[in-house]
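J.: This is the structure, below, for whatever I ask next.
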Amino acid sequence: MCKWPGSFTSNNTSNNTSNNKVDVPNVGMVFGTWDEIDECFVKYGKQEGFGVCRSGGGSTTQKKEKVKVLRNYTWRCECEGEPDMKRMVDGKRVIVGKKGVDISSRKTKKCNCPVMIYASVNEEGLWEIRKAILQHENHNPTPSKVRNISKFRQEEVSCAVRRKLFNDKAVGVRISQIHKSIATDRNGLENMLITERDLRNIVAKERRLKFKNGDANAMLSYFDRMTDDNQQFFLMHRLDDEGHMKDVLWVDARSRAAYEYFGDVLCFDATYLTNDYALPFANFVGVNHHGQSILLGCALISHEDAESYTWVFSTWVKCMGGKAPNCFLTDQDAAMRKALVNAMSDTWHRWCLWYILMKFGKKLGKYALYKEFKMVLLDAIYDSVSGEEFEVQWCGAISKYGLGEDKWLEGLYKERMMWAPAYMKHIFWAGMKTTQRSESINSFFDGYVHKNTKLCDFVEQYCNAMESRANSEKVADANSSRYVRQLATDCKAEVVFQKLYTDGKFKEVQAECLKMLYVRWRGVQKLTHNIEEHTFADRIWLGYMQGY
């Protein structure tokens, strides 16, 4: 809040607030802090239709704290100064208009506008305006032109706008269509300050790597030291055309050794973000003999496109001696799918079933019988023992509930080989049916990495997290050897697996054995020379409550 010298009253304050109008900055106005006067002049510029630039000021150094304190400052109209009349020709800056130098086609807003305010700290320690020139020259700003000033347009880019922009862009919607959609939500383009170019700039900025303050070099130096200590530590990075850091992939020695034993099935996820740099932290995840998630490689990726993923996958396979996994689990990202075809052509690729089922409500919730046919579709997904049975049950449900015109279900059915369990029962998946394996790894790193973690600190925290994960595996190994889980049934298989499996995996076998208590074997039929069909019936107990 500013103060007028002499006749400043509370009545004036209430009137200004009710009209939501900023006072004209004049000589003698006093403000409590630099931020207050800065905010006041910027709002005044927005009110009158011109942008404000900060020209800088002078400062003094306090003797005790040895800290520079700002004592005066100047704010100007963004059109101040002369236009640049020079161009680069053969590495030299020459004045436009000379022989052989064409006039620049680039436009400029600089027109020597004199509008400015100058303020300094007075004897009371408050900021006071000492000089104010408010008459514009060589251009005519009006409140209606505020939509043409980039600074004020950026204020309209809310979190909701950014979320819609990136969500729609991720599914292939053009920026021009996204801009029209946002304008429609705001009742037309006349009420829309954000331009299509603003949206393109936001996307370009997000895609650009933001390695700064030497973090990239510090991170690579730390990795180099780890490589010197252990020759099995693998590190690979690449640069863009301008020599900036682009993508980084690393795999430690423990992960490379674990892959030899647990590399049949992998899950890949790139949704974990280090927010300071907007770089996806992608990870390769497997399962060990305790059923625990283990990390088999990490990468920081600049662009989530097919070219970047192809480089990551190909480099990772080379690190593992050219041995690709048998099965690979991802979400429905089209770029990952294309990259896997290029880098691991013989690997069985599967989509995350959990991710697909999460979309049911959004895609199908509009139907009146949604809850009813959802259960029928889930039965087809989980209970079908063959592809033929799945197709019969799925198509039957689509026909019964009149869903044949739904494009999303139609596309899902065409890609059924990518996600339906009935087509993958012959493949070993190690219990990795969804990318929740990756999510558990991400939550594990949450204890060590936060949004403000610098890259040079990130790698150290990564090592700490890996040590903790390795310790958990050692504890599980020790417990499996020291403690024996008692048998729960008379099944012979349970006795065998009690001796062979770790405690974590034996619990899964024991759970299946317990289910056999509720069924009765009825017979067996030999289908082929190596296939038998066993028939079971549910075993039902009838109990009676006392008194009935």
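Letters A, B, ... mark the chains of the structure tokens in the order given; residue numbers begin at 1 per chain; ligand numbers begin at 1, in order shown.
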Residues within 9 Å of Cys327 (chain A), please, as a ChimeraX atom specification. Count only C-alpha atoms; anything in the same chain fewer than 3 positions from it doesn't count.
T.: /A:264-267,324,347-350,427-429
J.: Show me, as an MDAnalysis selection string, the residues that have an atom within 12 Å of region 196-202 of chain A when counting only C-alpha atoms, minus same-chain residues fewer than 2 positions from it.
T.: chainID A and resid 147:158 161:166 168:169 174:183 189 192:194 204:208
J.: Do you have the CA of Leu527 (chain A)-CA of Phe497 (chain A) distance handy?
T.: 28.0 Å
J.: With distances taken over only C-alpha atoms, which of A:Ser293, A:Asn122, A:Asn140, A:Gln47 is nearest to Cys79 (chain A)?
T.: A:Asn140
J.: Using only C-alpha atoms, find the one residue out of A:Ile117, A:Met417, A:Ile398, A:Val385 that sits nearest to Pro25 (chain A).
T.: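 Using only C-alpha atoms, the shortest distance to Pro25 (chain A) belongs to A:Ile117.
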J.: Give the answer as one residue: which of A:Trp408, A:Asn230, A:Trp394, A:Glu36 has the shortest atom-to-atom distance to Phe360 (chain A), using only C-alpha atoms?
T.: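 Of A:Trp408, A:Asn230, A:Trp394, A:Glu36, the one nearest Phe360 (chain A), counting only C-alpha atoms, is A:Trp408.
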J.: In region 165-362 of chain A, what's alpha helix (DSSP H) per DSSP? Answer as a short mmCIF file (atom, residue, chain, number, x, y, z; two decimals) with N, CA, C and O atoms, in the first residue's frame?
T.:
data_model
loop_
_atom_site.label_atom_id
_atom_site.label_comp_id
_atom_site.auth_asym_id
_atom_site.auth_seq_id
_atom_site.Cartn_x
_atom_site.Cartn_y
_atom_site.Cartn_z
N LEU A 165 -3.03 -28.27 -21.92
CA LEU A 165 -2.12 -28.19 -23.06
C LEU A 165 -1.28 -29.45 -23.19
O LEU A 165 -1.21 -30.06 -24.26
N PHE A 166 -0.65 -29.88 -22.10
CA PHE A 166 0.25 -31.02 -22.17
C PHE A 166 -0.50 -32.35 -22.28
O PHE A 166 -0.03 -33.27 -22.95
N ASN A 167 -1.68 -32.44 -21.65
CA ASN A 167 -2.47 -33.67 -21.77
C ASN A 167 -2.95 -33.86 -23.20
O ASN A 167 -2.89 -34.96 -23.76
N ASP A 168 -3.47 -32.78 -23.82
CA ASP A 168 -3.97 -32.88 -25.19
C ASP A 168 -2.82 -33.08 -26.17
O ASP A 168 -2.94 -33.84 -27.14
N LYS A 169 -1.69 -32.41 -25.92
CA LYS A 169 -0.54 -32.56 -26.82
C LYS A 169 -0.01 -33.99 -26.77
O LYS A 169 0.44 -34.53 -27.80
N ALA A 170 -0.11 -34.62 -25.61
CA ALA A 170 0.41 -35.98 -25.46
C ALA A 170 -0.37 -37.00 -26.28
O ALA A 170 0.17 -38.03 -26.68
N ILE A 175 -1.73 -27.97 -31.57
CA ILE A 175 -1.78 -26.81 -30.69
C ILE A 175 -2.86 -25.83 -31.14
O ILE A 175 -3.51 -25.18 -30.32
N SER A 176 -3.06 -25.70 -32.45
CA SER A 176 -4.11 -24.81 -32.94
C SER A 176 -5.48 -25.26 -32.45
O SER A 176 -6.34 -24.43 -32.09
N GLN A 177 -5.70 -26.58 -32.39
CA GLN A 177 -6.98 -27.09 -31.90
C GLN A 177 -7.10 -26.91 -30.39
O GLN A 177 -8.19 -26.62 -29.88
N ILE A 178 -5.98 -27.07 -29.68
CA ILE A 178 -5.99 -26.86 -28.23
C ILE A 178 -6.33 -25.40 -27.93
O ILE A 178 -7.10 -25.10 -27.01
N HIS A 179 -5.75 -24.48 -28.72
CA HIS A 179 -6.01 -23.05 -28.52
C HIS A 179 -7.49 -22.74 -28.73
O HIS A 179 -8.10 -21.99 -27.95
N LYS A 180 -8.09 -23.33 -29.76
CA LYS A 180 -9.52 -23.11 -30.02
C LYS A 180 -10.37 -23.68 -28.90
O LYS A 180 -11.39 -23.10 -28.52
N SER A 181 -9.95 -24.83 -28.36
CA SER A 181 -10.71 -25.46 -27.28
C SER A 181 -10.68 -24.59 -26.02
O SER A 181 -11.71 -24.40 -25.36
N ILE A 182 -9.51 -24.04 -25.69
CA ILE A 182 -9.40 -23.17 -24.52
C ILE A 182 -10.24 -21.90 -24.74
O ILE A 182 -10.89 -21.41 -23.82
N ALA A 183 -10.20 -21.37 -25.97
CA ALA A 183 -11.00 -20.18 -26.28
C ALA A 183 -12.48 -20.45 -26.14
O ALA A 183 -13.24 -19.60 -25.66
N THR A 184 -12.91 -21.65 -26.53
CA THR A 184 -14.32 -22.01 -26.40
C THR A 184 -14.74 -22.04 -24.93
O THR A 184 -15.83 -21.60 -24.58
N ASP A 185 -13.86 -22.55 -24.07
CA ASP A 185 -14.15 -22.57 -22.63
C ASP A 185 -14.27 -21.17 -22.06
O ASP A 185 -14.91 -20.98 -21.02
N GLU A 196 -1.91 -18.52 -29.79
CA GLU A 196 -1.40 -19.84 -30.19
C GLU A 196 0.12 -19.89 -30.08
O GLU A 196 0.70 -20.92 -29.72
N ARG A 197 0.77 -18.77 -30.37
CA ARG A 197 2.22 -18.73 -30.26
C ARG A 197 2.68 -18.90 -28.82
O ARG A 197 3.71 -19.52 -28.56
N ASP A 198 1.91 -18.35 -27.86
CA ASP A 198 2.24 -18.52 -26.45
C ASP A 198 2.25 -20.00 -26.08
O ASP A 198 3.15 -20.46 -25.36
N LEU A 199 1.26 -20.75 -26.56
CA LEU A 199 1.18 -22.17 -26.27
C LEU A 199 2.36 -22.92 -26.89
O LEU A 199 2.93 -23.82 -26.27
N ARG A 200 2.74 -22.52 -28.09
CA ARG A 200 3.88 -23.18 -28.74
C ARG A 200 5.17 -22.90 -27.97
O ARG A 200 6.03 -23.78 -27.84
N ASN A 201 5.30 -21.68 -27.48
CA ASN A 201 6.50 -21.34 -26.71
C ASN A 201 6.57 -22.14 -25.41
O ASN A 201 7.66 -22.54 -24.97
N ILE A 202 5.42 -22.37 -24.77
CA ILE A 202 5.40 -23.13 -23.53
C ILE A 202 5.84 -24.57 -23.79
O ILE A 202 6.64 -25.14 -23.04
N VAL A 203 5.32 -25.16 -24.86
CA VAL A 203 5.69 -26.53 -25.20
C VAL A 203 7.18 -26.61 -25.53
O VAL A 203 7.89 -27.54 -25.09
N ALA A 204 7.68 -25.64 -26.30
CA ALA A 204 9.11 -25.65 -26.66
C ALA A 204 9.99 -25.51 -25.43
O ALA A 204 11.04 -26.14 -25.32
N LYS A 205 9.55 -24.69 -24.49
CA LYS A 205 10.34 -24.49 -23.27
C LYS A 205 10.37 -25.75 -22.42
O LYS A 205 11.39 -26.09 -21.83
N GLU A 206 9.24 -26.46 -22.36
CA GLU A 206 9.19 -27.69 -21.59
C GLU A 206 10.07 -28.77 -22.20
O GLU A 206 10.66 -29.58 -21.50
N ARG A 207 10.16 -28.77 -23.52
CA ARG A 207 10.95 -29.79 -24.20
C ARG A 207 12.45 -29.52 -24.11
O ARG A 207 13.26 -30.41 -24.29
N ASP A 215 25.36 -28.26 -13.28
CA ASP A 215 24.86 -29.51 -12.72
C ASP A 215 25.19 -30.70 -13.60
O ASP A 215 25.51 -31.78 -13.11
N ALA A 216 25.09 -30.54 -14.92
CA ALA A 216 25.34 -31.65 -15.84
C ALA A 216 26.77 -32.14 -15.71
O ALA A 216 27.04 -33.34 -15.61
N ASN A 217 27.72 -31.20 -15.69
CA ASN A 217 29.13 -31.59 -15.56
C ASN A 217 29.41 -32.25 -14.21
O ASN A 217 30.17 -33.21 -14.12
N ALA A 218 28.78 -31.73 -13.18
CA ALA A 218 28.97 -32.31 -11.85
C ALA A 218 28.42 -33.74 -11.79
O ALA A 218 29.04 -34.63 -11.19
N MET A 219 27.28 -33.94 -12.43
CA MET A 219 26.69 -35.27 -12.44
C MET A 219 27.58 -36.26 -13.19
O MET A 219 27.86 -37.37 -12.72
N LEU A 220 28.08 -35.86 -14.36
CA LEU A 220 28.93 -36.75 -15.15
C LEU A 220 30.26 -37.02 -14.45
O LEU A 220 30.81 -38.12 -14.53
N SER A 221 30.77 -36.02 -13.75
CA SER A 221 32.02 -36.21 -13.00
C SER A 221 31.84 -37.24 -11.90
O SER A 221 32.71 -38.08 -11.65
N TYR A 222 30.69 -37.19 -11.23
CA TYR A 222 30.40 -38.15 -10.17
C TYR A 222 30.31 -39.56 -10.76
O TYR A 222 30.85 -40.53 -10.19
N PHE A 223 29.64 -39.68 -11.91
CA PHE A 223 29.54 -40.99 -12.57
C PHE A 223 30.92 -41.48 -13.01
O PHE A 223 31.20 -42.68 -12.96
N ASP A 224 31.76 -40.57 -13.47
CA ASP A 224 33.11 -40.96 -13.88
C ASP A 224 33.90 -41.54 -12.71
O ASP A 224 34.66 -42.51 -12.86
N ARG A 225 33.74 -40.95 -11.55
CA ARG A 225 34.42 -41.46 -10.36
C ARG A 225 33.91 -42.86 -9.99
O ARG A 225 34.68 -43.73 -9.57
N MET A 226 32.60 -43.06 -10.17
CA MET A 226 32.04 -44.38 -9.90
C MET A 226 32.58 -45.40 -10.91
O MET A 226 32.83 -46.56 -10.55
N THR A 227 32.77 -44.99 -12.15
CA THR A 227 33.33 -45.88 -13.16
C THR A 227 34.78 -46.25 -12.82
O THR A 227 35.20 -47.39 -13.02
N ASP A 228 35.53 -45.29 -12.30
CA ASP A 228 36.91 -45.56 -11.90
C ASP A 228 36.97 -46.57 -10.76
O ASP A 228 37.87 -47.42 -10.71
N ASP A 229 35.98 -46.49 -9.84
CA ASP A 229 35.96 -47.40 -8.70
C ASP A 229 35.49 -48.79 -9.09
O ASP A 229 35.88 -49.78 -8.47
N ALA A 253 26.84 -51.78 -11.33
CA ALA A 253 27.36 -53.15 -11.42
C ALA A 253 26.38 -54.16 -10.82
O ALA A 253 26.21 -55.26 -11.35
N ARG A 254 25.73 -53.79 -9.73
CA ARG A 254 24.79 -54.70 -9.08
C ARG A 254 23.61 -55.01 -10.00
O ARG A 254 23.14 -56.16 -10.06
N SER A 255 23.13 -54.00 -10.70
CA SER A 255 22.00 -54.20 -11.61
C SER A 255 22.39 -55.09 -12.79
O SER A 255 21.60 -55.93 -13.24
N ARG A 256 23.60 -54.91 -13.30
CA ARG A 256 24.05 -55.74 -14.42
C ARG A 256 24.17 -57.20 -14.01
O ARG A 256 23.84 -58.12 -14.78
N ALA A 257 24.64 -57.44 -12.78
CA ALA A 257 24.74 -58.82 -12.29
C ALA A 257 23.36 -59.42 -12.06
O ALA A 257 23.12 -60.60 -12.39
N ALA A 258 22.43 -58.63 -11.51
CA ALA A 258 21.08 -59.13 -11.24
C ALA A 258 20.34 -59.48 -12.53
O ALA A 258 19.53 -60.41 -12.56
N TYR A 259 20.64 -58.76 -13.60
CA TYR A 259 19.96 -59.02 -14.88
C TYR A 259 20.27 -60.42 -15.40
O TYR A 259 19.45 -61.02 -16.11
N GLU A 260 21.44 -60.95 -15.07
CA GLU A 260 21.80 -62.30 -15.52
C GLU A 260 20.83 -63.34 -14.96
O GLU A 260 20.58 -64.37 -15.59
N TYR A 261 20.27 -63.07 -13.78
CA TYR A 261 19.38 -64.03 -13.13
C TYR A 261 17.90 -63.65 -13.27
O TYR A 261 17.05 -64.54 -13.32
N PHE A 262 17.62 -62.36 -13.28
CA PHE A 262 16.22 -61.92 -13.23
C PHE A 262 15.85 -61.05 -14.43
O PHE A 262 15.04 -60.12 -14.31
N ALA A 306 9.89 -41.27 -30.07
CA ALA A 306 10.39 -42.57 -30.50
C ALA A 306 11.91 -42.57 -30.65
O ALA A 306 12.58 -43.56 -30.31
N GLU A 307 12.48 -41.48 -31.15
CA GLU A 307 13.91 -41.42 -31.36
C GLU A 307 14.67 -41.51 -30.04
O GLU A 307 15.68 -42.24 -29.92
N SER A 308 14.21 -40.80 -29.02
CA SER A 308 14.87 -40.83 -27.70
C SER A 308 14.74 -42.21 -27.06
O SER A 308 15.71 -42.75 -26.52
N TYR A 309 13.53 -42.78 -27.12
CA TYR A 309 13.33 -44.10 -26.53
C TYR A 309 14.13 -45.17 -27.26
O TYR A 309 14.64 -46.11 -26.64
N THR A 310 14.27 -45.05 -28.58
CA THR A 310 15.07 -46.02 -29.34
C THR A 310 16.52 -45.98 -28.87
O THR A 310 17.16 -47.02 -28.70
N TRP A 311 17.04 -44.77 -28.66
CA TRP A 311 18.43 -44.65 -28.17
C TRP A 311 18.56 -45.27 -26.78
O TRP A 311 19.53 -46.00 -26.51
N VAL A 312 17.60 -45.01 -25.90
CA VAL A 312 17.66 -45.54 -24.54
C VAL A 312 17.61 -47.07 -24.56
O VAL A 312 18.43 -47.75 -23.93
N PHE A 313 16.64 -47.64 -25.29
CA PHE A 313 16.49 -49.09 -25.32
C PHE A 313 17.70 -49.77 -25.96
O PHE A 313 18.21 -50.79 -25.46
N SER A 314 18.17 -49.23 -27.08
CA SER A 314 19.31 -49.83 -27.79
C SER A 314 20.57 -49.78 -26.93
O SER A 314 21.32 -50.76 -26.86
N THR A 315 20.80 -48.64 -26.29
CA THR A 315 21.99 -48.50 -25.45
C THR A 315 21.93 -49.43 -24.25
O THR A 315 22.94 -50.03 -23.86
N TRP A 316 20.73 -49.57 -23.68
CA TRP A 316 20.56 -50.44 -22.52
C TRP A 316 20.83 -51.91 -22.90
O TRP A 316 21.48 -52.65 -22.14
N VAL A 317 20.35 -52.34 -24.05
CA VAL A 317 20.58 -53.72 -24.50
C VAL A 317 22.08 -53.96 -24.72
O VAL A 317 22.61 -55.02 -24.36
N LYS A 318 22.77 -52.99 -25.29
CA LYS A 318 24.22 -53.12 -25.47
C LYS A 318 24.92 -53.27 -24.12
O LYS A 318 25.87 -54.04 -23.98
N CYS A 319 24.45 -52.51 -23.14
CA CYS A 319 25.03 -52.59 -21.79
C CYS A 319 24.88 -53.99 -21.22
O CYS A 319 25.77 -54.48 -20.51
N ALA A 334 2.66 -44.65 -27.68
CA ALA A 334 2.95 -45.07 -29.06
C ALA A 334 4.44 -44.95 -29.37
O ALA A 334 4.98 -45.75 -30.14
N ALA A 335 5.11 -43.95 -28.78
CA ALA A 335 6.54 -43.76 -29.04
C ALA A 335 7.34 -44.94 -28.49
O ALA A 335 8.29 -45.41 -29.13
N MET A 336 6.96 -45.44 -27.30
CA MET A 336 7.66 -46.60 -26.74
C MET A 336 7.46 -47.83 -27.62
O MET A 336 8.38 -48.62 -27.83
N ARG A 337 6.25 -47.98 -28.11
CA ARG A 337 5.95 -49.16 -28.94
C ARG A 337 6.81 -49.16 -30.20
O ARG A 337 7.38 -50.20 -30.58
N LYS A 338 6.91 -48.02 -30.84
CA LYS A 338 7.72 -47.92 -32.05
C LYS A 338 9.20 -48.15 -31.74
O LYS A 338 9.91 -48.83 -32.49
N ALA A 339 9.66 -47.61 -30.63
CA ALA A 339 11.07 -47.76 -30.25
C ALA A 339 11.41 -49.22 -29.94
O ALA A 339 12.49 -49.70 -30.27
N LEU A 340 10.48 -49.94 -29.29
CA LEU A 340 10.74 -51.34 -28.96
C LEU A 340 10.85 -52.21 -30.21
O LEU A 340 11.63 -53.16 -30.25
N VAL A 341 10.06 -51.88 -31.22
CA VAL A 341 10.16 -52.62 -32.49
C VAL A 341 11.55 -52.43 -33.09
O VAL A 341 12.13 -53.37 -33.65
N ASN A 342 12.09 -51.24 -32.96
CA ASN A 342 13.42 -50.96 -33.52
C ASN A 342 14.54 -51.56 -32.69
O ASN A 342 15.53 -52.06 -33.24
N ALA A 343 14.41 -51.52 -31.36
CA ALA A 343 15.51 -51.92 -30.49
C ALA A 343 15.44 -53.35 -29.99
O ALA A 343 16.47 -53.98 -29.73
N LEU A 353 -2.27 -53.45 -18.12
CA LEU A 353 -3.71 -53.70 -18.01
C LEU A 353 -4.35 -52.75 -17.01
O LEU A 353 -5.48 -52.27 -17.23
N TRP A 354 -3.65 -52.45 -15.94
CA TRP A 354 -4.20 -51.54 -14.92
C TRP A 354 -4.49 -50.17 -15.52
O TRP A 354 -5.52 -49.55 -15.24
N TYR A 355 -3.59 -49.69 -16.37
CA TYR A 355 -3.76 -48.38 -16.99
C TYR A 355 -5.00 -48.37 -17.89
O TYR A 355 -5.74 -47.38 -17.94
N ILE A 356 -5.25 -49.46 -18.59
CA ILE A 356 -6.41 -49.56 -19.48
C ILE A 356 -7.70 -49.56 -18.65
O ILE A 356 -8.67 -48.86 -18.98
N LEU A 357 -7.71 -50.35 -17.59
CA LEU A 357 -8.92 -50.44 -16.77
C LEU A 357 -9.23 -49.12 -16.08
O LEU A 357 -10.40 -48.80 -15.83
N MET A 358 -8.20 -48.32 -15.79
CA MET A 358 -8.43 -47.02 -15.17
C MET A 358 -9.18 -46.08 -16.09
O MET A 358 -9.81 -45.11 -15.65
N PHE A 360 -11.71 -46.97 -18.01
CA PHE A 360 -13.09 -47.41 -18.24
C PHE A 360 -14.10 -46.35 -17.83
O PHE A 360 -15.04 -46.06 -18.56
N GLY A 361 -13.93 -45.79 -16.63
CA GLY A 361 -14.90 -44.80 -16.15
C GLY A 361 -14.95 -43.57 -17.02
O GLY A 361 -16.03 -43.04 -17.31
N LYS A 362 -13.78 -43.09 -17.46
CA LYS A 362 -13.72 -41.88 -18.28
C LYS A 362 -14.31 -42.10 -19.68
O LYS A 362 -15.01 -41.24 -20.21
#
J.: Record the distance separating CA of Trp75 (chain A) and CA of Ala119 (chain A), expressed in Å with one decimal.
T.: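 Straight-line distance from CA of Trp75 (chain A) to CA of Ala119 (chain A) works out to 8.7 Å.
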J.: Residues of region 458-539 of chain A classed as strand (DSSP E) by DSSP on the backbone are to be reported as JSON, numbers by chain.
T.: {"A": [519, 520, 521, 522, 523, 524, 525, 526, 532, 533, 534, 535, 536, 537, 538]}
J.: Could you write out that same residue set with all heavy atoms as a compact mmCIF listing (two decimals), in the first residue's frame?
T.:
# COMPACT_ATOMS: atom_id res chain seq x y z
N VAL A 519 -12.34 -76.94 -3.07
CA VAL A 519 -12.80 -77.64 -4.27
C VAL A 519 -12.58 -79.14 -4.09
O VAL A 519 -11.80 -79.58 -3.23
CB VAL A 519 -12.04 -77.15 -5.54
CG1 VAL A 519 -12.32 -75.68 -5.79
CG2 VAL A 519 -10.54 -77.39 -5.41
N ARG A 520 -13.31 -79.93 -4.89
CA ARG A 520 -13.18 -81.38 -4.85
C ARG A 520 -12.86 -81.86 -6.26
O ARG A 520 -13.51 -81.47 -7.23
CB ARG A 520 -14.48 -82.02 -4.36
CG ARG A 520 -14.41 -83.56 -4.33
CD ARG A 520 -15.75 -84.18 -3.97
NE ARG A 520 -16.13 -83.89 -2.59
CZ ARG A 520 -17.13 -83.07 -2.25
NH1 ARG A 520 -17.83 -82.46 -3.20
NH2 ARG A 520 -17.42 -82.85 -0.99
N TRP A 521 -11.86 -82.72 -6.36
CA TRP A 521 -11.46 -83.26 -7.66
C TRP A 521 -12.50 -84.27 -8.12
O TRP A 521 -12.91 -85.17 -7.38
CB TRP A 521 -10.09 -83.92 -7.53
CG TRP A 521 -9.55 -84.47 -8.84
CD1 TRP A 521 -9.01 -83.76 -9.84
CD2 TRP A 521 -9.51 -85.84 -9.24
NE1 TRP A 521 -8.62 -84.58 -10.87
CE2 TRP A 521 -8.92 -85.88 -10.52
CE3 TRP A 521 -9.92 -87.05 -8.65
CZ2 TRP A 521 -8.72 -87.06 -11.22
CZ3 TRP A 521 -9.72 -88.21 -9.34
CH2 TRP A 521 -9.13 -88.22 -10.61
N ARG A 522 -12.97 -84.14 -9.37
CA ARG A 522 -14.03 -84.99 -9.90
C ARG A 522 -13.54 -85.99 -10.93
O ARG A 522 -14.16 -87.03 -11.16
CB ARG A 522 -15.13 -84.13 -10.52
CG ARG A 522 -15.77 -83.16 -9.55
CD ARG A 522 -16.51 -83.90 -8.43
NE ARG A 522 -17.58 -84.71 -8.92
CZ ARG A 522 -18.83 -84.27 -9.10
NH1 ARG A 522 -19.13 -83.02 -8.77
NH2 ARG A 522 -19.77 -85.07 -9.56
N GLY A 523 -12.42 -85.66 -11.61
CA GLY A 523 -11.94 -86.60 -12.61
C GLY A 523 -10.97 -85.94 -13.57
O GLY A 523 -10.72 -84.73 -13.51
N VAL A 524 -10.44 -86.75 -14.48
CA VAL A 524 -9.47 -86.26 -15.44
C VAL A 524 -9.79 -86.84 -16.82
O VAL A 524 -10.25 -87.98 -16.95
CB VAL A 524 -8.03 -86.64 -15.02
CG1 VAL A 524 -7.87 -88.16 -14.92
CG2 VAL A 524 -7.00 -86.07 -16.00
N GLN A 525 -9.56 -86.03 -17.82
CA GLN A 525 -9.79 -86.47 -19.21
C GLN A 525 -8.55 -86.14 -20.03
O GLN A 525 -8.07 -85.01 -20.02
CB GLN A 525 -11.01 -85.77 -19.81
CG GLN A 525 -11.30 -86.16 -21.25
CD GLN A 525 -12.52 -85.44 -21.81
OE1 GLN A 525 -13.16 -84.66 -21.10
NE2 GLN A 525 -12.83 -85.70 -23.06
N LYS A 526 -8.01 -87.13 -20.76
CA LYS A 526 -6.81 -86.94 -21.55
C LYS A 526 -7.21 -86.37 -22.91
O LYS A 526 -7.92 -87.01 -23.68
CB LYS A 526 -6.06 -88.26 -21.72
CG LYS A 526 -4.65 -88.10 -22.24
CD LYS A 526 -3.91 -89.41 -22.19
CE LYS A 526 -2.46 -89.25 -22.61
NZ LYS A 526 -1.69 -88.36 -21.72
N GLU A 532 -3.86 -82.83 -20.29
CA GLU A 532 -4.95 -83.44 -19.53
C GLU A 532 -5.85 -82.35 -18.97
O GLU A 532 -5.40 -81.27 -18.61
CB GLU A 532 -4.40 -84.27 -18.37
CG GLU A 532 -3.62 -85.50 -18.80
CD GLU A 532 -3.11 -86.28 -17.60
OE1 GLU A 532 -3.18 -85.73 -16.47
OE2 GLU A 532 -2.65 -87.42 -17.78
N GLU A 533 -7.14 -82.67 -18.90
CA GLU A 533 -8.12 -81.72 -18.36
C GLU A 533 -8.66 -82.27 -17.06
O GLU A 533 -9.30 -83.33 -17.03
CB GLU A 533 -9.26 -81.51 -19.36
CG GLU A 533 -10.30 -80.50 -18.86
CD GLU A 533 -11.45 -80.36 -19.84
OE1 GLU A 533 -12.37 -81.21 -19.80
OE2 GLU A 533 -11.42 -79.40 -20.65
N HIS A 534 -8.39 -81.57 -15.95
CA HIS A 534 -8.88 -81.98 -14.64
C HIS A 534 -10.15 -81.19 -14.31
O HIS A 534 -10.21 -79.97 -14.54
CB HIS A 534 -7.82 -81.73 -13.58
CG HIS A 534 -6.62 -82.62 -13.72
ND1 HIS A 534 -6.44 -83.73 -12.92
CD2 HIS A 534 -5.55 -82.57 -14.56
CE1 HIS A 534 -5.30 -84.33 -13.26
NE2 HIS A 534 -4.73 -83.64 -14.25
N THR A 535 -11.13 -81.85 -13.74
CA THR A 535 -12.40 -81.23 -13.40
C THR A 535 -12.53 -81.16 -11.88
O THR A 535 -12.30 -82.15 -11.18
CB THR A 535 -13.59 -82.03 -13.98
OG1 THR A 535 -13.42 -82.15 -15.40
CG2 THR A 535 -14.90 -81.32 -13.69
N PHE A 536 -12.90 -79.96 -11.40
CA PHE A 536 -13.10 -79.75 -9.97
C PHE A 536 -14.49 -79.18 -9.73
O PHE A 536 -15.07 -78.52 -10.59
CB PHE A 536 -12.06 -78.78 -9.41
CG PHE A 536 -10.64 -79.28 -9.47
CD1 PHE A 536 -9.86 -79.12 -10.60
CD2 PHE A 536 -10.11 -79.92 -8.36
CE1 PHE A 536 -8.57 -79.59 -10.64
CE2 PHE A 536 -8.80 -80.39 -8.39
CZ PHE A 536 -8.02 -80.23 -9.53
N ALA A 537 -15.01 -79.46 -8.54
CA ALA A 537 -16.31 -78.90 -8.14
C ALA A 537 -16.13 -78.15 -6.83
O ALA A 537 -15.31 -78.53 -5.98
CB ALA A 537 -17.34 -80.02 -7.98
N ASP A 538 -16.87 -77.08 -6.67
CA ASP A 538 -16.79 -76.31 -5.44
C ASP A 538 -17.28 -77.14 -4.25
O ASP A 538 -18.28 -77.86 -4.35
CB ASP A 538 -17.63 -75.03 -5.54
CG ASP A 538 -17.01 -74.03 -6.48
OD1 ASP A 538 -15.78 -74.09 -6.66
OD2 ASP A 538 -17.74 -73.20 -7.04
J.: Closest to Tyr401 (chain A) among A:Met466, A:Met516, A:Ile294, A:Leu364, using only C-alpha atoms?
T.: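 Selected residue with least distance to Tyr401 (chain A): A:Leu364.
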J.: Would you list the contacts of Arg482 (chain A) as a list in words, taking every protein, DNA or RNA residue within 12 Å and counting only C-alpha atoms, but skipping same-chain residues closer than 5 positions in sequence?
T.: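 Near Arg482 (chain A), the qualifying residues are Val475, Ala476, Asp477, Thr502 and Asp503 of chain A.
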J.: Write out as a ChimeraX atom specification the residues lying within 9 Å of region 418-423 of chain A, counting only C-alpha atoms and excluding same-chain residues fewer than 3 positions away.
T.: /A:349-353,356,381-390,412,415,426-427,433
J.: In Å, with one decimal, what is the gap from CA of Tyr370 (chain A) to CA of Gly404 (chain A)?
T.: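 So the answer is 14.2 Å.
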